[in-house]
Protein chains: 2
Amino acid sequence: LRASFYPRLWQRWQQARTMLCVGLDPELEQLPPSLLEQLPRPASRNESYDGIAELLYRFALLIAEATSDLVCAFKPNAAFYERYGAAGWRALESIIHTLAFRYPDVPVILDAKRGDVGSTSQAYADSAFGSLRADAVTLHPYLGQDALQPFLEHAEYGCFILCRTSNPGAAEFQDLIVRREDGTGEPLFLAVARRVASTWNENNNCGLVVGATYPQELQMVRGVAGDVPILVPGIGAQGGDLASVIRAGLDSQGGGLVISASRSILYASNGPDFAEAARYEAQRLRDEIERLRQVG
Amino acid sequence: LRASFYPRLWQRWQQARTMLCVGLDPELEQLPPSLLEQLPRPASRNESYDGIAELLYRFALLIAEATSDLVCAFKPNAAFYERYGAAGWRALESIIHTLAFRYPDVPVILDAKRGDVGSTSQAYADSAFGSLRADAVTLHPYLGQDALQPFLEHAEYGCFILCRTSNPGAAEFQDLIVRREDGTGEPLFLAVARRVASTWNENNNCGLVVGATYPQELQMVRGVAGDVPILVPGIGAQGGDLASVIRAGLDSQGGGLVISASRSILYASNGPDFAEAARYEAQRLRDEIERLRQVG
């Protein structure tokens with residue numbers, strides 16, 4: 001039996017001194033030509049998917065190899081694999097299994113943003129924790145706690161609940177002012193943060209997702225969520241500012257963040273040196289995070 | 001090029017006189033023993049998944065064959081296939097492709113409840129409409145319109161947005177009272193319904209999902225959503241009452257519903273007559289829906 005996700009994450013934060021997470025979200029068109037030219041010329045669509053999936057697998061593992069000592073977690077996003085059908089799914093599965101084998105100290109967060117009810121939710125939990133063997137997963141809050149119980153009830157797995165997302169239009173519903181019991185109001189994303197941190201977190205396995213593009217909202221979330229871990233995507237390509245994120249998001253121990261970058265690391269170079277360039281960028285980000293963290 | 005989803009759904013409603021949808025959500029433990037005994041004894045986990053996936057595929061297509069003339073849509077839920085990894089995903093893909101080939105008049109709604117941002121959302125749309133070739137998909141509203149643009153921008157595909165779900169705890173966030181511009185309040189699910197029907201529906205390809213277990217909320221949603229199609233899961237096993245659903249949910253033309261049943265049809269009999277029993281139950285439901293629809 002593997003140790004629980006949060007103790008492992010916490011240990012990793014301490015031992016490797018890093019809050020950086022690398023998002024393994026490869027897009028075929030963005031891969032370096034030196035890799036792309038290894039793509040076999042397909043005879044059919046299915047064969048084409050097999051070749052692409054193999055390439056995504058190789059690329060993701062090369063990036064992981066180049067950055068593993070610099071990260072507190074890896075975060076593959078299911079969408080970039082599902083896109084290529086069963087072959088893509090097998091690549092995703094192989095990536096997670098290989099990461100767990102090669103880097104047992106680095107937990108894997110499956111960014112799948114699932115959320116369904118009852119027995120369907122159970123099937124998704126079986127997929128994430130059973131067949132894919134991820135250590136944690138990202139989830140939608142909209143259906144409520146009872147719907148996500150098949151995830152939440154496993155204390156050994158992490159559940160990062162979407163709270164304030166990184167997209168430009170995140171405010172549409174997340175900023176709607178909802179009425180609180182005492183008659184005052186607060187934005188929906190804060191109500192989500194409050195519920196998750198207080199009620200959903202019985203097994204101490206909940207986290208929240210707040211986009212790096214909204215440091216002010218991140219600060220508000222930290223204000224109500226105590227020391228719950230916060231996964232922060234949107235650094236780099238999406239434009240989130242690191243200094244503001246650190247200032248806004250640190251927990252009472254001066255840590256508690258999983259800061260995820262994807263494109264700025266994956267595509268740091270388009271040349272045959274892409275893995276070294278990815279490492280260089282990951283090192284830079286990790287060091288910058290540690291520096292800013294000392295400043296507080 | 002296939003015709004757009006909503007005109008096809010509309011045509012199907014008219015021509016086959018049915019608003020029934022069969023949810024193709026097979027669970028291994030529930031399959032009839034006569035099928036289960038065809039499961040080969042696996043030598044490994046991967047081989048076991050292959051055998052299970054093959055069985056799910058066979059079962060889903062037997063149910064489809066037995067009910068195709070009685071339904072306005074089929075609705076496979078991705079979770080029940082993902083659970084079995086790449087083999088499960090291939091079964092899901094084969095099911096959708098086969099349904100499209102055998103029953104070209106019956107659109108397929110992929111119940112996947114996806115929702116992510118930017119290029120990730122694009123990857124999910126590629127998966128649903130590209131490799132899986134579904135005609136419509138279910139989506140989470142939480143991230144807002146811009147996040148779902150890769151789905152919404154394709155007028156030829158349907159997008160059913162979660163509004164009021166069928167689970168017991170649906171109220172946790174969906175019933176929070178949000179402040180409207182005029183100072184009054186309304187529950188979040190109504191705000192979602194209003195936005196989707198007014199702003200998101202530029203391409204006339206949006207629908208809403210409202211659980212059959214909440215007819216009062218369904219009536220409120222219909223009140224603000226005009227004639228937008230509403231997908232209503234939760235009939236049968238989940239306890240939704242058909243008469244209340246029809247009374248609450250019909251649009252101004254006396255139609256507009258996709259009423260989905262899964263377990264009550266899939267497992268109508270546990271014997272070798274499961275397909276006939278499924279047909280019998282589907283026929284009963286379809287006829288009852290038509291009868292109640294005449295009453296209005």
# chains A, B, ... in the order shown; residues from 1 in each chain; ligands from 1

call {"tool": "residues_around", "arguments": {"residues": "Ser34 of chain B", "least_positions_apart": "2", "cutoff": "9 Å", "atoms": "only C-alpha atoms", "output": "PyMOL selection string"}}
result
chain B and resi 31-32+36-38+270-272

call {"tool": "select_by_dssp", "arguments": {"residues": "segment 68-223 of chain B", "states": "helix (DSSP H, G or I)", "output": "VMD selection string"}}
result
chain B and resid 68 to 70 79 to 82 85 to 102 118 to 131 145 to 152 171 to 174 188 to 200 215 to 223

call {"tool": "residues_around", "arguments": {"residues": "segment 177-194 of chain A", "least_positions_apart": "2", "cutoff": "8 Å", "atoms": "only C-alpha atoms", "output": "list in words"}}
result
Pro141, Cys163, Arg164, Phe173, Gln174, Asp175, Val196, Ala197, Ser198, Leu208, Met220, Val221, Val224 and Ala225 of chain A; Phe173, Leu176, Ile177, Val178 and Arg179 of chain B

call {"tool": "select_by_dssp", "arguments": {"residues": "segment 179-272 of chain A", "states": "strand (DSSP E or B)", "output": "list in words"}}
result
Arg179, Gly185, Glu186, Pro187, Cys206, Gly207, Leu208, Val209, Val210, Ile230, Leu231, Val232, Pro233, Ile235, Gly240, Leu257, Val258, Ile259, Ser260 and Ala261 of chain A

call {"tool": "closest_residue", "arguments": {"among": "A:Trp13, A:Tyr84, A:Tyr103, A:Trp200", "to": "Cys72 of chain A", "atoms": "only C-alpha atoms"}}
result
A:Trp13

call {"tool": "residues_around", "arguments": {"residues": "Thr138 of chain A", "least_positions_apart": "4", "cutoff": "9 Å", "atoms": "only C-alpha atoms", "output": "number ranges by chain"}}
result
A: 109-114, 158-162, 207-209

call {"tool": "residues_around", "arguments": {"residues": "Pro76 of chain A", "least_positions_apart": "2", "cutoff": "9 Å", "atoms": "only C-alpha atoms", "output": "tab-separated table (two decimals) with N, CA and C atoms, in the first residue's frame"}}
result
chain	number	residue	atom	x	y	z
A	22	VAL	N	4.90	20.06	-12.71
A	22	VAL	CA	4.94	20.14	-14.18
A	22	VAL	C	3.69	19.48	-14.75
A	23	GLY	N	2.97	20.25	-15.55
A	23	GLY	CA	1.78	19.75	-16.23
A	23	GLY	C	2.17	19.01	-17.49
A	24	LEU	N	1.86	17.72	-17.56
A	24	LEU	CA	2.24	16.91	-18.73
A	24	LEU	C	1.08	16.89	-19.73
A	25	ASP	N	1.02	17.97	-20.52
A	25	ASP	CA	-0.13	18.20	-21.40
A	25	ASP	C	0.34	18.37	-22.84
A	26	PRO	N	0.94	17.34	-23.44
A	26	PRO	CA	1.56	17.53	-24.74
A	26	PRO	C	0.55	17.72	-25.88
A	60	ALA	N	6.45	12.97	-22.82
A	60	ALA	CA	6.10	13.21	-21.41
A	60	ALA	C	7.18	12.62	-20.49
A	74	PHE	N	3.76	15.68	-10.53
A	74	PHE	CA	3.48	15.73	-11.96
A	74	PHE	C	1.97	15.78	-12.14
A	78	ALA	N	-5.91	14.62	-18.61
A	78	ALA	CA	-6.52	13.52	-19.37
A	78	ALA	C	-6.93	13.93	-20.79
A	79	ALA	N	-7.34	15.19	-20.95
A	79	ALA	CA	-7.89	15.62	-22.25
A	79	ALA	C	-6.92	15.41	-23.39
A	80	PHE	N	-5.62	15.66	-23.12
A	80	PHE	CA	-4.63	15.63	-24.20
A	80	PHE	C	-4.33	14.20	-24.64
A	81	TYR	N	-4.82	13.23	-23.88
A	81	TYR	CA	-4.64	11.82	-24.22
A	81	TYR	C	-5.94	11.24	-24.78
A	92	LEU	N	-1.65	7.56	-21.53
A	92	LEU	CA	-1.86	8.20	-20.23
A	92	LEU	C	-1.60	7.21	-19.09
A	95	ILE	N	2.08	6.38	-18.84
A	95	ILE	CA	2.83	7.50	-18.26
A	95	ILE	C	2.70	7.47	-16.74
A	96	ILE	N	1.47	7.37	-16.25
A	96	ILE	CA	1.27	7.41	-14.80
A	96	ILE	C	1.94	6.20	-14.13
A	108	VAL	N	1.47	11.87	-8.37
A	108	VAL	CA	0.88	12.22	-9.67
A	108	VAL	C	-0.57	12.67	-9.48
A	109	ILE	N	-0.83	13.90	-9.92
A	109	ILE	CA	-2.19	14.44	-9.87
A	109	ILE	C	-2.81	14.29	-11.26
A	110	LEU	N	-3.86	13.52	-11.36
A	110	LEU	CA	-4.57	13.37	-12.63
A	110	LEU	C	-5.51	14.56	-12.80
A	111	ASP	N	-5.20	15.42	-13.77
A	111	ASP	CA	-6.07	16.58	-14.00
A	111	ASP	C	-7.17	16.14	-14.95
A	112	ALA	N	-8.29	15.76	-14.37
A	112	ALA	CA	-9.36	15.17	-15.18
A	112	ALA	C	-10.66	15.95	-15.04

call {"tool": "residues_around", "arguments": {"residues": "Gly255 of chain B", "least_positions_apart": "4", "cutoff": "9 Å", "atoms": "only C-alpha atoms", "output": "count of residues only"}}
result
9

call {"tool": "closest_residue", "arguments": {"among": "B:Ala134, B:Ala64, B:Ala128, B:Ala170", "to": "Leu148 of chain A", "atoms": "only C-alpha atoms"}}
result
B:Ala170

call {"tool": "residues_around", "arguments": {"residues": "segment 97-100 of chain B", "least_positions_apart": "6", "cutoff": "8 Å", "atoms": "only C-alpha atoms", "output": "mmCIF file with C-alpha atoms, in the first residue's frame"}}
result
data_model
loop_
_atom_site.group_PDB
_atom_site.id
_atom_site.type_symbol
_atom_site.label_atom_id
_atom_site.label_comp_id
_atom_site.auth_asym_id
_atom_site.auth_seq_id
_atom_site.Cartn_x
_atom_site.Cartn_y
_atom_site.Cartn_z
ATOM 1 C CA LEU B 61 -25.453 -3.157 -28.556
ATOM 2 C CA ALA B 64 -29.649 -0.750 -28.389
ATOM 3 C CA VAL B 106 -30.918 8.186 -33.473
ATOM 4 C CA PRO B 107 -28.434 10.784 -32.195
ATOM 5 C CA VAL B 108 -25.882 9.768 -29.558
ATOM 6 C CA LEU B 132 -15.637 9.293 -30.456
ATOM 7 C CA ARG B 133 -17.955 10.945 -33.024
#

call {"tool": "closest_residue", "arguments": {"among": "A:Pro104, A:Pro42, A:Pro233, A:Gly118", "to": "chain B", "atoms": "only C-alpha atoms"}}
result
A:Gly118
